[in-house]
Amino acid sequence: MPEQRALHEPFHQPARQREADRLGMIVFLASEAMLFGGLFAAAMALRLLHPVEYVAASGHLKLWLGTANTAILLTSSLMAAVAVEAARSGSPRLAGWSLGSAIILALLFLGIKGYEYLGEYREGLVPGLANAHFGTRTQQLFMNFYFVSTGLHGVHVMVGIGLLGVSALSRAAREDRAAVLIGNAALYWHLVDIIWLFLYPTLYLPGVS
Amino acid sequence: MSDAALDIDRPDEEVEDISYLRAGHSLGSWFLTTDHKRIAILYLVSITFFFLIGGVAAALIRLDLLTPAGDLMTNEGYNRAFSLHGIIMVWFFLIPSIPNTIGNFIIPLMIGARDLAFPRLNLLSWYIYIVAGFITLAVVLGGGVDTGWTFYTPLSTMYANGMVVATVVAVFISGFSTILTGINFIVTIHKLRAPGMTWSRLPLFIWSHYAVSIIFVLATPVLAITLILVAAERLFGIGVFDPALGGDPLLFQHLFWFYSHPAVYIMVLPAMGVISELITSAAHKRIFGYWFVAIASIAIAVIGFLVWGHHMFVSGQSIYASAFFSFLSIAVAVPSAIKVYNWTATLYKGDIMIDAPLLFAMGFIGLFVAGGLTGLMLAMLAIDVHVHDTYFVVAHFHYIMVGGTVTAFFGALHYWWPKITGRLYNETLARIAAVVILVGFNLTFFPQFMLGYEGMPRRYHVYPPEFQLLQVFSSAGAALLAVGYAMPTFYLLWSLRRGPRAPANPWGATGLEWTTSSPPPKHNFTQQPVVVRGPYYYPLEHPASRANA
Ligand code: HEM
Ligand SMILES: [Cu+2]
């Protein structure tokens, strides 16, 4: 039984070990949520301090790129969920394909994000660079926040790609009917998705008039 | 109670009886170990080292303060000395002190587990801590940092000299070690309790470590993001605090204290857990009001997240916010007070054994009460406006963090030393050390209450001559305190070579950790323990007290 093989100290029972792995991931994600929680508190403070300029600065972001990325990330999350169900119902191939497409969508997300950054660079909206020029001080403040928050989220996307990649490549993970590794990787991936679901309205939607 | 409790284990399992200290002598058997007991020792050695470095910085500060003129160090040098002192003591000594040494060692033993849930993660925590520690040492050698342990902006982002970014990175990295430890403790307590070890049978040490783990996991990431923002602002100029852009430095203070007030409870909750064990063991009595003490830990963890604004009464926050924070700060003292009452009630009519651990525990209670009551004074808006940023605050938090937690740490070390090392130390010397520490401590910090009340500001080394007498008292006390802290190093190390062998249960205490041999075997228990009754079951308890326990 593959489960027996994966049993490690200090556990005696596979079920107990599985529960522990899952609980560990959930607690870790709570910690991650607080990390971004601090960031959202900062966004709220910026908006309360400068309500009008914040909205104006937000209007300079490319709404359609942000929206496309939201759809892409949601679909990717869906594929990760499909992979978990596939592994549970004993279809390792389907699990592999679903993970693969989740990863491709994640790469697409990063590609679009990079394209967006490039556009912002061309428009002189990247703080700290020689060509940077902003309409208002608050716009620079907003862009500072934008780059820190999307950058940090991007790092999480990369970690997620790594986790999904490991689960896709590991045969044992795909054949594990309990979907321990795939399940935990997907859980992490959902959190990355959820954080984006908060970033999107915080950054892009205020500018919609 | 779906989880732990009544799982059937593999009883036929072969477990060797060899002590964890004898299971392997190579370097690899220590530095690559996943045994929680050995990792606890690695932590013990490392935090002792940082305690020493932080102590040297403290000695420099106290020497400089002997005279009203700042003649030992330059202004800049003095700023760096107290900054390093605070940063090292808080993040590299006090936060990991009890949880990562005593907690790491004792938690699995207390709940009847073979190890923490994620042994390799546990080792990883230590390595992360060490990497962060090395960066901090590099900062010390590279000239240090002058922001204070609080890294207030825009001082830290724009004006400070020195290695701010490296320091911030070190603290940031050490945070991961803390978070991993928290995850490990929470999962262990949920999933690895021995058969019969229900939540209502958990020793209070476990409850307080459960509470502190919640803070580890939920507060530390907020510090992490705050430090990321500071580093981004200083390194790349992409700041959200920058007042020149209309950013808000007060935002930094909110984020920082949102972490750092819970962090003060990170430092004191494990100590409270220790005291519950020490008191019951010394009194040979059941704890008075088990559930009150257990739930008080959780209440402290929760309410502790809601009081951060009491550090910002004079920072320009709105008066309504201040009133709100003032009220909640007073409320958070209630669960702490409940604990103190319960410890005292436990001692009442106990069959008391006055050994070194009890002396440390009594010291903790007295000093914690003094620190807590002055905390209440500081939580009153009208008083704080006058004594904020004076030595009164310095004395307040040292009474709790040093008088309370460090004393409890020494108490814990003495109490569990026979279990950890299998040796008995010299009891007389230990009692003397406890008394020297308590006298030295009060001599150092009581004068600081008086200094602060009379208006001596914190973080200055030049002061009006009328303060000199009290400053000299304080420095003299610090010297005595240093002697007190040094003493255990000698007789404890000596006991390793010459001390008599410890029996399994030298204190006649309850608790699963005392049912295994001293030092414990590599896998903690030769047989899976099964728990059949609550903690602190002292059969010899007086009939009188048994009735109300
Ligand atoms: C239980 C453990 C406690 C610890 C370790 C602790 C630690 C600290 C520290 C480190 C500071 C100084 C912050 C700074 O200015 O750098 C401080 C300040 C303060 N503490 Fe505590 N404290 C504790 C308990 C309490 C309690 C129970 C209260 C109130 C009920 C309290 C109220 C305050 C207040 C109001 C301040 C702000 C003083 C000021 O800066 O004006 N503390 N405490
Ligand atoms: Cu506080």
# chains A, B, ... in the order shown; residues from 1 in each chain; ligands from 1
>>> interface_residues(of="chain A", to="chain B", cutoff="8 Å", atoms="only C-alpha atoms", output="PyMOL selection string")
chain A and resi 9-12+16+19-20+23-24+27-28+30-32+34-39+42+45-46+127-128+137-138+140-142+144-145+148
>>> residues_near_ligand(ligand="ligand 2", cutoff="6 Å", atoms="only C-alpha atoms and all ligand atoms", output="list in words")
His261, Trp308 and His311 of chain B
>>> residues_around(residues="Ser101 (chain A)", least_positions_apart="5", cutoff="12 Å", atoms="only C-alpha atoms", output="VMD selection string")
chain A and resid 72 to 73 75 to 83 94 to 96 106 to 108 161 164 to 165 168
>>> write_last_selection(atoms="N, CA and C atoms", output="PDB file, in the first residue's frame")
ATOM      1  N   ILE A  72      -8.546  33.960 -15.535  1.00  0.00           N
ATOM      2  CA  ILE A  72      -7.549  32.898 -15.731  1.00  0.00           C
ATOM      3  C   ILE A  72      -7.234  32.204 -14.415  1.00  0.00           C
ATOM      4  N   LEU A  73      -7.056  32.993 -13.364  1.00  0.00           N
ATOM      5  CA  LEU A  73      -6.675  32.405 -12.088  1.00  0.00           C
ATOM      6  C   LEU A  73      -7.817  31.569 -11.518  1.00  0.00           C
ATOM      7  N   THR A  75     -10.046  29.969 -13.257  1.00  0.00           N
ATOM      8  CA  THR A  75     -10.095  28.718 -14.014  1.00  0.00           C
ATOM      9  C   THR A  75      -8.983  27.778 -13.547  1.00  0.00           C
ATOM     10  N   SER A  76      -7.819  28.353 -13.318  1.00  0.00           N
ATOM     11  CA  SER A  76      -6.701  27.534 -12.864  1.00  0.00           C
ATOM     12  C   SER A  76      -7.045  26.858 -11.540  1.00  0.00           C
ATOM     13  N   SER A  77      -7.669  27.615 -10.650  1.00  0.00           N
ATOM     14  CA  SER A  77      -8.077  27.071  -9.362  1.00  0.00           C
ATOM     15  C   SER A  77      -9.071  25.933  -9.569  1.00  0.00           C
ATOM     16  N   LEU A  78      -9.979  26.135 -10.525  1.00  0.00           N
ATOM     17  CA  LEU A  78     -10.950  25.081 -10.837  1.00  0.00           C
ATOM     18  C   LEU A  78     -10.237  23.818 -11.286  1.00  0.00           C
ATOM     19  N   MET A  79      -9.216  23.968 -12.143  1.00  0.00           N
ATOM     20  CA  MET A  79      -8.493  22.792 -12.626  1.00  0.00           C
ATOM     21  C   MET A  79      -7.807  22.070 -11.470  1.00  0.00           C
ATOM     22  N   ALA A  80      -7.300  22.837 -10.507  1.00  0.00           N
ATOM     23  CA  ALA A  80      -6.666  22.206  -9.348  1.00  0.00           C
ATOM     24  C   ALA A  80      -7.700  21.403  -8.566  1.00  0.00           C
ATOM     25  N   ALA A  81      -8.904  21.959  -8.449  1.00  0.00           N
ATOM     26  CA  ALA A  81      -9.953  21.239  -7.731  1.00  0.00           C
ATOM     27  C   ALA A  81     -10.333  19.964  -8.474  1.00  0.00           C
ATOM     28  N   VAL A  82     -10.379  20.054  -9.810  1.00  0.00           N
ATOM     29  CA  VAL A  82     -10.676  18.859 -10.610  1.00  0.00           C
ATOM     30  C   VAL A  82      -9.610  17.794 -10.375  1.00  0.00           C
ATOM     31  N   ALA A  83      -8.360  18.246 -10.304  1.00  0.00           N
ATOM     32  CA  ALA A  83      -7.262  17.290 -10.097  1.00  0.00           C
ATOM     33  C   ALA A  83      -7.457  16.531  -8.786  1.00  0.00           C
ATOM     34  N   LEU A  94      -6.099  11.801 -15.484  1.00  0.00           N
ATOM     35  CA  LEU A  94      -6.896  13.024 -15.483  1.00  0.00           C
ATOM     36  C   LEU A  94      -6.320  14.027 -14.482  1.00  0.00           C
ATOM     37  N   ALA A  95      -5.904  13.500 -13.338  1.00  0.00           N
ATOM     38  CA  ALA A  95      -5.309  14.388 -12.324  1.00  0.00           C
ATOM     39  C   ALA A  95      -4.092  15.090 -12.910  1.00  0.00           C
ATOM     40  N   GLY A  96      -3.258  14.318 -13.609  1.00  0.00           N
ATOM     41  CA  GLY A  96      -2.064  14.896 -14.204  1.00  0.00           C
ATOM     42  C   GLY A  96      -2.406  15.987 -15.211  1.00  0.00           C
ATOM     43  N   ALA A 106      -1.542  29.308 -14.827  1.00  0.00           N
ATOM     44  CA  ALA A 106      -0.785  30.134 -13.883  1.00  0.00           C
ATOM     45  C   ALA A 106       0.345  30.858 -14.604  1.00  0.00           C
ATOM     46  N   LEU A 107       0.997  30.132 -15.549  1.00  0.00           N
ATOM     47  CA  LEU A 107       2.069  30.779 -16.305  1.00  0.00           C
ATOM     48  C   LEU A 107       1.497  31.903 -17.164  1.00  0.00           C
ATOM     49  N   LEU A 108       0.318  31.651 -17.721  1.00  0.00           N
ATOM     50  CA  LEU A 108      -0.341  32.675 -18.523  1.00  0.00           C
ATOM     51  C   LEU A 108      -0.606  33.920 -17.665  1.00  0.00           C
ATOM     52  N   ILE A 161       3.064  27.409  -8.438  1.00  0.00           N
ATOM     53  CA  ILE A 161       3.431  26.645  -9.632  1.00  0.00           C
ATOM     54  C   ILE A 161       4.379  25.520  -9.250  1.00  0.00           C
ATOM     55  N   LEU A 164       2.296  22.786  -7.475  1.00  0.00           N
ATOM     56  CA  LEU A 164       1.474  22.048  -8.433  1.00  0.00           C
ATOM     57  C   LEU A 164       2.367  21.184  -9.316  1.00  0.00           C
ATOM     58  N   GLY A 165       3.530  21.731  -9.675  1.00  0.00           N
ATOM     59  CA  GLY A 165       4.449  20.981 -10.535  1.00  0.00           C
ATOM     60  C   GLY A 165       4.931  19.714  -9.853  1.00  0.00           C
ATOM     61  N   ALA A 168       2.220  17.252  -9.886  1.00  0.00           N
ATOM     62  CA  ALA A 168       1.938  16.712 -11.214  1.00  0.00           C
ATOM     63  C   ALA A 168       2.989  15.680 -11.606  1.00  0.00           C
TER      64      ALA A 168
END
>>> residues_around(residues="Thr344 (chain B)", least_positions_apart="6", cutoff="9 Å", atoms="only C-alpha atoms", output="short mmCIF file (atom, residue, chain, number, x, y, z; two decimals) with C-alpha atoms, in the first residue's frame")
data_model
loop_
_atom_site.label_atom_id
_atom_site.label_comp_id
_atom_site.auth_asym_id
_atom_site.auth_seq_id
_atom_site.Cartn_x
_atom_site.Cartn_y
_atom_site.Cartn_z
CA ILE B 279 3.31 25.76 41.53
CA PHE B 288 -7.21 25.76 41.70
CA ILE B 365 4.34 36.02 40.49
#
>>> residues_around(residues="Ala412 (chain B)", least_positions_apart="6", cutoff="10 Å", atoms="only C-alpha atoms", output="ChimeraX atom specification")
/B:98,101-103,271,273-275,277-278,357-358,360-361,406
>>> write_last_selection(atoms="all heavy atoms", output="mmCIF file, in the first residue's frame")
data_model
loop_
_atom_site.group_PDB
_atom_site.id
_atom_site.type_symbol
_atom_site.label_atom_id
_atom_site.label_comp_id
_atom_site.auth_asym_id
_atom_site.auth_seq_id
_atom_site.Cartn_x
_atom_site.Cartn_y
_atom_site.Cartn_z
ATOM 1 N N ILE B 98 11.308 30.071 26.019
ATOM 2 C CA ILE B 98 10.611 28.928 26.623
ATOM 3 C C ILE B 98 10.009 27.998 25.563
ATOM 4 O O ILE B 98 10.196 26.790 25.630
ATOM 5 C CB ILE B 98 9.575 29.405 27.654
ATOM 6 C CG1 ILE B 98 10.294 30.094 28.803
ATOM 7 C CG2 ILE B 98 8.740 28.242 28.163
ATOM 8 C CD1 ILE B 98 9.374 30.696 29.845
ATOM 9 N N THR B 101 12.815 25.840 23.601
ATOM 10 C CA THR B 101 13.690 24.948 24.371
ATOM 11 C C THR B 101 12.831 24.022 25.215
ATOM 12 O O THR B 101 12.672 22.846 24.903
ATOM 13 C CB THR B 101 14.651 25.747 25.261
ATOM 14 O OG1 THR B 101 13.889 26.561 26.152
ATOM 15 C CG2 THR B 101 15.521 26.642 24.450
ATOM 16 N N ILE B 102 12.232 24.585 26.275
ATOM 17 C CA ILE B 102 11.447 23.760 27.186
ATOM 18 C C ILE B 102 10.225 23.183 26.461
ATOM 19 O O ILE B 102 9.936 21.989 26.562
ATOM 20 C CB ILE B 102 10.999 24.589 28.408
ATOM 21 C CG1 ILE B 102 12.180 25.363 29.004
ATOM 22 C CG2 ILE B 102 10.329 23.707 29.431
ATOM 23 C CD1 ILE B 102 13.198 24.515 29.683
ATOM 24 N N GLY B 103 9.528 24.041 25.708
ATOM 25 C CA GLY B 103 8.330 23.587 25.009
ATOM 26 C C GLY B 103 8.653 22.472 24.031
ATOM 27 O O GLY B 103 7.998 21.432 24.000
ATOM 28 N N ALA B 271 5.582 31.503 29.823
ATOM 29 C CA ALA B 271 6.030 31.610 31.206
ATOM 30 C C ALA B 271 4.889 31.268 32.157
ATOM 31 O O ALA B 271 5.084 30.575 33.160
ATOM 32 C CB ALA B 271 6.549 33.019 31.475
ATOM 33 N N GLY B 273 2.495 29.241 31.588
ATOM 34 C CA GLY B 273 2.351 27.787 31.561
ATOM 35 C C GLY B 273 3.349 27.119 32.485
ATOM 36 O O GLY B 273 3.023 26.191 33.227
ATOM 37 N N VAL B 274 4.580 27.623 32.457
ATOM 38 C CA VAL B 274 5.618 27.071 33.327
ATOM 39 C C VAL B 274 5.198 27.212 34.787
ATOM 40 O O VAL B 274 5.302 26.268 35.581
ATOM 41 C CB VAL B 274 6.955 27.807 33.081
ATOM 42 C CG1 VAL B 274 7.940 27.508 34.191
ATOM 43 C CG2 VAL B 274 7.522 27.437 31.727
ATOM 44 N N ILE B 275 4.702 28.395 35.141
ATOM 45 C CA ILE B 275 4.381 28.654 36.541
ATOM 46 C C ILE B 275 3.291 27.703 37.030
ATOM 47 O O ILE B 275 3.358 27.179 38.149
ATOM 48 C CB ILE B 275 3.960 30.131 36.735
ATOM 49 C CG1 ILE B 275 5.100 31.058 36.321
ATOM 50 C CG2 ILE B 275 3.568 30.400 38.176
ATOM 51 C CD1 ILE B 275 6.440 30.757 36.941
ATOM 52 N N GLU B 277 2.832 24.697 36.192
ATOM 53 C CA GLU B 277 3.455 23.404 36.490
ATOM 54 C C GLU B 277 4.277 23.471 37.770
ATOM 55 O O GLU B 277 4.219 22.584 38.614
ATOM 56 C CB GLU B 277 4.353 22.954 35.331
ATOM 57 C CG GLU B 277 3.658 22.828 33.995
ATOM 58 C CD GLU B 277 2.514 21.829 34.017
ATOM 59 O OE1 GLU B 277 2.666 20.758 34.626
ATOM 60 O OE2 GLU B 277 1.450 22.138 33.433
ATOM 61 N N LEU B 278 5.057 24.544 37.894
ATOM 62 C CA LEU B 278 5.951 24.659 39.049
ATOM 63 C C LEU B 278 5.161 24.753 40.354
ATOM 64 O O LEU B 278 5.515 24.133 41.359
ATOM 65 C CB LEU B 278 6.852 25.901 38.884
ATOM 66 C CG LEU B 278 8.221 25.666 38.248
ATOM 67 C CD1 LEU B 278 8.111 24.847 36.985
ATOM 68 C CD2 LEU B 278 8.932 26.973 37.965
ATOM 69 N N PRO B 357 12.878 25.746 41.998
ATOM 70 C CA PRO B 357 11.796 26.072 41.052
ATOM 71 C C PRO B 357 10.688 26.891 41.696
ATOM 72 O O PRO B 357 10.158 27.816 41.077
ATOM 73 C CB PRO B 357 11.290 24.695 40.611
ATOM 74 C CG PRO B 357 12.446 23.795 40.784
ATOM 75 C CD PRO B 357 13.183 24.302 41.987
ATOM 76 N N LEU B 358 10.346 26.584 42.946
ATOM 77 C CA LEU B 358 9.284 27.364 43.589
ATOM 78 C C LEU B 358 9.755 28.798 43.837
ATOM 79 O O LEU B 358 8.980 29.744 43.672
ATOM 80 C CB LEU B 358 8.838 26.734 44.905
ATOM 81 C CG LEU B 358 7.724 27.544 45.568
ATOM 82 C CD1 LEU B 358 6.418 27.416 44.793
ATOM 83 C CD2 LEU B 358 7.515 27.166 47.017
ATOM 84 N N PHE B 360 11.780 30.524 42.042
ATOM 85 C CA PHE B 360 11.646 31.232 40.768
ATOM 86 C C PHE B 360 10.173 31.526 40.482
ATOM 87 O O PHE B 360 9.819 32.615 40.020
ATOM 88 C CB PHE B 360 12.248 30.415 39.627
ATOM 89 C CG PHE B 360 13.762 30.458 39.576
ATOM 90 C CD1 PHE B 360 14.525 29.339 39.845
ATOM 91 C CD2 PHE B 360 14.419 31.637 39.241
ATOM 92 C CE1 PHE B 360 15.905 29.374 39.796
ATOM 93 C CE2 PHE B 360 15.805 31.682 39.179
ATOM 94 C CZ PHE B 360 16.548 30.546 39.463
ATOM 95 N N ALA B 361 9.310 30.557 40.777
ATOM 96 C CA ALA B 361 7.888 30.753 40.477
ATOM 97 C C ALA B 361 7.314 31.887 41.326
ATOM 98 O O ALA B 361 6.558 32.722 40.828
ATOM 99 C CB ALA B 361 7.117 29.458 40.720
ATOM 100 N N VAL B 406 11.944 35.829 32.031
ATOM 101 C CA VAL B 406 13.277 35.248 32.180
ATOM 102 C C VAL B 406 13.355 34.455 33.482
ATOM 103 O O VAL B 406 13.952 33.376 33.539
ATOM 104 C CB VAL B 406 14.367 36.339 32.104
ATOM 105 C CG1 VAL B 406 15.738 35.734 32.263
ATOM 106 C CG2 VAL B 406 14.278 37.074 30.781
#
>>> residues_around(residues="region 415-423 of chain B", least_positions_apart="6", cutoff="6 Å", atoms="only C-alpha atoms", output="ChimeraX atom specification")
/B:357,499-502,518-519
>>> residues_around(residues="Val208 (chain A)", least_positions_apart="6", cutoff="12 Å", atoms="only C-alpha atoms", output="ChimeraX atom specification")
/A:54-64,67,200-202
>>> residues_near_ligand(ligand="ligand 1", cutoff="6 Å", atoms="only C-alpha atoms and all ligand atoms", output="short mmCIF file (atom, residue, chain, number, x, y, z; two decimals) with all heavy atoms, in the first residue's frame")
data_model
loop_
_atom_site.label_atom_id
_atom_site.label_comp_id
_atom_site.auth_asym_id
_atom_site.auth_seq_id
_atom_site.Cartn_x
_atom_site.Cartn_y
_atom_site.Cartn_z
N VAL B 264 4.13 40.70 23.06
CA VAL B 264 4.47 40.70 24.48
C VAL B 264 3.79 39.51 25.16
O VAL B 264 4.33 38.93 26.10
CB VAL B 264 4.11 42.02 25.20
CG1 VAL B 264 4.72 43.21 24.50
CG2 VAL B 264 2.63 42.20 25.41
N TYR B 265 2.64 39.11 24.65
CA TYR B 265 2.02 37.91 25.21
C TYR B 265 2.69 36.65 24.71
O TYR B 265 2.68 35.63 25.39
CB TYR B 265 0.51 37.93 24.96
CG TYR B 265 -0.13 39.00 25.79
CD1 TYR B 265 -0.65 40.15 25.24
CD2 TYR B 265 -0.12 38.88 27.18
CE1 TYR B 265 -1.17 41.14 26.03
CE2 TYR B 265 -0.64 39.87 27.98
CZ TYR B 265 -1.16 41.00 27.40
OH TYR B 265 -1.66 41.98 28.19
N VAL B 268 5.06 36.21 27.37
CA VAL B 268 4.67 35.91 28.74
C VAL B 268 3.79 34.66 28.87
O VAL B 268 3.81 34.00 29.90
CB VAL B 268 4.01 37.13 29.41
CG1 VAL B 268 2.55 37.23 29.10
CG2 VAL B 268 4.23 37.10 30.91
N HIS B 310 -2.73 51.10 22.66
CA HIS B 310 -2.24 51.73 23.89
C HIS B 310 -0.77 52.13 23.78
O HIS B 310 -0.25 52.77 24.68
CB HIS B 310 -2.52 50.88 25.14
CG HIS B 310 -1.80 49.57 25.20
ND1 HIS B 310 -2.34 48.44 25.74
CD2 HIS B 310 -0.56 49.21 24.80
CE1 HIS B 310 -1.47 47.45 25.67
NE2 HIS B 310 -0.39 47.90 25.10
N HIS B 311 -0.13 51.75 22.70
CA HIS B 311 1.25 52.23 22.48
C HIS B 311 1.25 53.55 21.72
O HIS B 311 2.31 54.09 21.45
CB HIS B 311 2.05 51.18 21.71
CG HIS B 311 2.22 49.92 22.47
ND1 HIS B 311 3.27 49.71 23.34
CD2 HIS B 311 1.45 48.81 22.53
CE1 HIS B 311 3.15 48.52 23.89
NE2 HIS B 311 2.05 47.95 23.42
N SER B 329 -7.42 47.55 27.09
CA SER B 329 -6.16 47.21 27.76
C SER B 329 -6.42 46.88 29.22
O SER B 329 -5.75 46.03 29.80
CB SER B 329 -5.18 48.38 27.68
OG SER B 329 -4.97 48.72 26.34
N ILE B 330 -7.39 47.56 29.79
CA ILE B 330 -7.73 47.22 31.17
C ILE B 330 -8.39 45.85 31.21
O ILE B 330 -8.12 45.03 32.08
CB ILE B 330 -8.63 48.33 31.76
CG1 ILE B 330 -7.82 49.62 31.84
CG2 ILE B 330 -9.13 47.94 33.13
CD1 ILE B 330 -8.66 50.85 32.04
N VAL B 332 -7.81 43.34 29.29
CA VAL B 332 -6.89 42.22 29.05
C VAL B 332 -6.15 41.85 30.33
O VAL B 332 -5.59 40.75 30.44
CB VAL B 332 -5.91 42.53 27.90
CG1 VAL B 332 -4.82 43.47 28.35
CG2 VAL B 332 -5.31 41.27 27.33
N ALA B 333 -6.16 42.74 31.30
CA ALA B 333 -5.49 42.40 32.56
C ALA B 333 -6.30 41.39 33.36
O ALA B 333 -5.76 40.71 34.23
CB ALA B 333 -5.26 43.67 33.38
N GLY B 372 2.36 44.04 35.77
CA GLY B 372 0.98 44.12 35.29
C GLY B 372 0.26 45.33 35.84
O GLY B 372 -0.45 46.03 35.12
N GLY B 375 1.37 48.27 34.18
CA GLY B 375 0.77 48.25 32.85
C GLY B 375 -0.61 48.87 32.88
O GLY B 375 -0.98 49.65 31.99
N LEU B 376 -1.36 48.54 33.93
CA LEU B 376 -2.69 49.15 34.07
C LEU B 376 -2.58 50.67 34.20
O LEU B 376 -3.37 51.41 33.63
CB LEU B 376 -3.38 48.58 35.30
CG LEU B 376 -4.05 47.23 35.09
CD1 LEU B 376 -4.61 46.70 36.39
CD2 LEU B 376 -5.16 47.37 34.07
N LEU B 378 -0.32 52.49 32.94
CA LEU B 378 0.01 53.03 31.62
C LEU B 378 -1.19 52.98 30.69
O LEU B 378 -1.29 53.76 29.74
CB LEU B 378 1.15 52.21 31.00
CG LEU B 378 2.51 52.41 31.65
CD1 LEU B 378 3.50 51.36 31.13
CD2 LEU B 378 3.02 53.80 31.36
N ALA B 379 -2.09 52.07 30.94
CA ALA B 379 -3.27 51.97 30.09
C ALA B 379 -4.27 53.09 30.36
O ALA B 379 -5.21 53.29 29.60
CB ALA B 379 -3.94 50.62 30.28
N ASP B 384 -0.66 57.96 31.15
CA ASP B 384 0.31 57.64 30.10
C ASP B 384 0.84 58.88 29.39
O ASP B 384 2.00 58.93 28.99
CB ASP B 384 -0.31 56.69 29.07
CG ASP B 384 0.73 56.20 28.08
OD1 ASP B 384 1.67 55.52 28.53
OD2 ASP B 384 0.63 56.53 26.89
N HIS B 388 4.68 58.33 29.19
CA HIS B 388 5.05 57.69 27.93
C HIS B 388 6.48 58.07 27.56
O HIS B 388 6.89 59.21 27.77
CB HIS B 388 4.08 58.14 26.82
CG HIS B 388 4.49 57.67 25.46
ND1 HIS B 388 4.42 56.35 25.10
CD2 HIS B 388 5.01 58.33 24.41
CE1 HIS B 388 4.86 56.23 23.86
NE2 HIS B 388 5.23 57.40 23.43
N ASP B 389 7.21 57.09 27.01
CA ASP B 389 8.60 57.33 26.62
C ASP B 389 9.49 57.76 27.77
O ASP B 389 10.50 58.43 27.57
CB ASP B 389 8.69 58.35 25.47
CG ASP B 389 8.68 57.65 24.12
OD1 ASP B 389 8.87 56.41 24.10
OD2 ASP B 389 8.50 58.33 23.10
N VAL B 393 8.02 53.33 31.54
CA VAL B 393 7.66 52.30 30.57
C VAL B 393 8.75 51.24 30.51
O VAL B 393 8.47 50.03 30.46
CB VAL B 393 7.43 52.93 29.18
CG1 VAL B 393 7.18 51.86 28.14
CG2 VAL B 393 6.27 53.91 29.23
N PHE B 397 7.94 47.20 31.26
CA PHE B 397 8.06 46.00 30.43
C PHE B 397 9.21 45.11 30.85
O PHE B 397 9.15 43.89 30.65
CB PHE B 397 8.02 46.30 28.93
CG PHE B 397 9.13 47.10 28.34
CD1 PHE B 397 10.37 46.55 28.10
CD2 PHE B 397 8.91 48.42 27.95
CE1 PHE B 397 11.37 47.29 27.51
CE2 PHE B 397 9.91 49.16 27.35
CZ PHE B 397 11.15 48.60 27.13
N ILE B 400 7.88 42.69 33.41
CA ILE B 400 7.16 41.54 32.87
C ILE B 400 8.07 40.64 32.05
O ILE B 400 8.09 39.43 32.24
CB ILE B 400 5.96 42.01 32.04
CG1 ILE B 400 4.97 42.68 32.98
CG2 ILE B 400 5.31 40.85 31.33
CD1 ILE B 400 3.74 43.19 32.32
N MET B 401 8.86 41.24 31.15
CA MET B 401 9.63 40.39 30.23
C MET B 401 10.84 39.76 30.91
O MET B 401 11.17 38.61 30.66
CB MET B 401 10.06 41.20 29.01
CG MET B 401 8.85 41.89 28.37
SD MET B 401 8.97 42.30 26.64
CE MET B 401 10.42 43.22 26.51
#
>>> closest_residue(among="B:Ser83, B:Ser174, B:Gln448, B:Ser260", to="Val140 (chain B)", atoms="only C-alpha atoms")
B:Ser83
>>> atom_distance(atom1="CA of Leu306 (chain B)", atom2="CA of Met44 (chain A)")
18.2 Å
>>> closest_residue(among="A:Leu7, A:Val180, A:Ala86, A:Phe198", to="Ser149 (chain A)", atoms="only C-alpha atoms")
A:Phe198
>>> atom_distance(atom1="CA of Thr198 (chain B)", atom2="CA of Leu187 (chain A)")
29.1 Å
>>> closest_residue(among="B:Tyr78, B:Phe409, B:Tyr341, B:Phe51", to="Tyr290 (chain B)", atoms="only C-alpha atoms")
B:Tyr341
>>> atom_distance(atom1="CA of Val439 (chain B)", atom2="CA of Gly366 (chain B)")
12.1 Å
>>> closest_residue(among="A:Pro14, A:Leu205, A:Met25, A:Tyr146", to="Ala43 (chain A)", atoms="only C-alpha atoms")
A:Tyr146
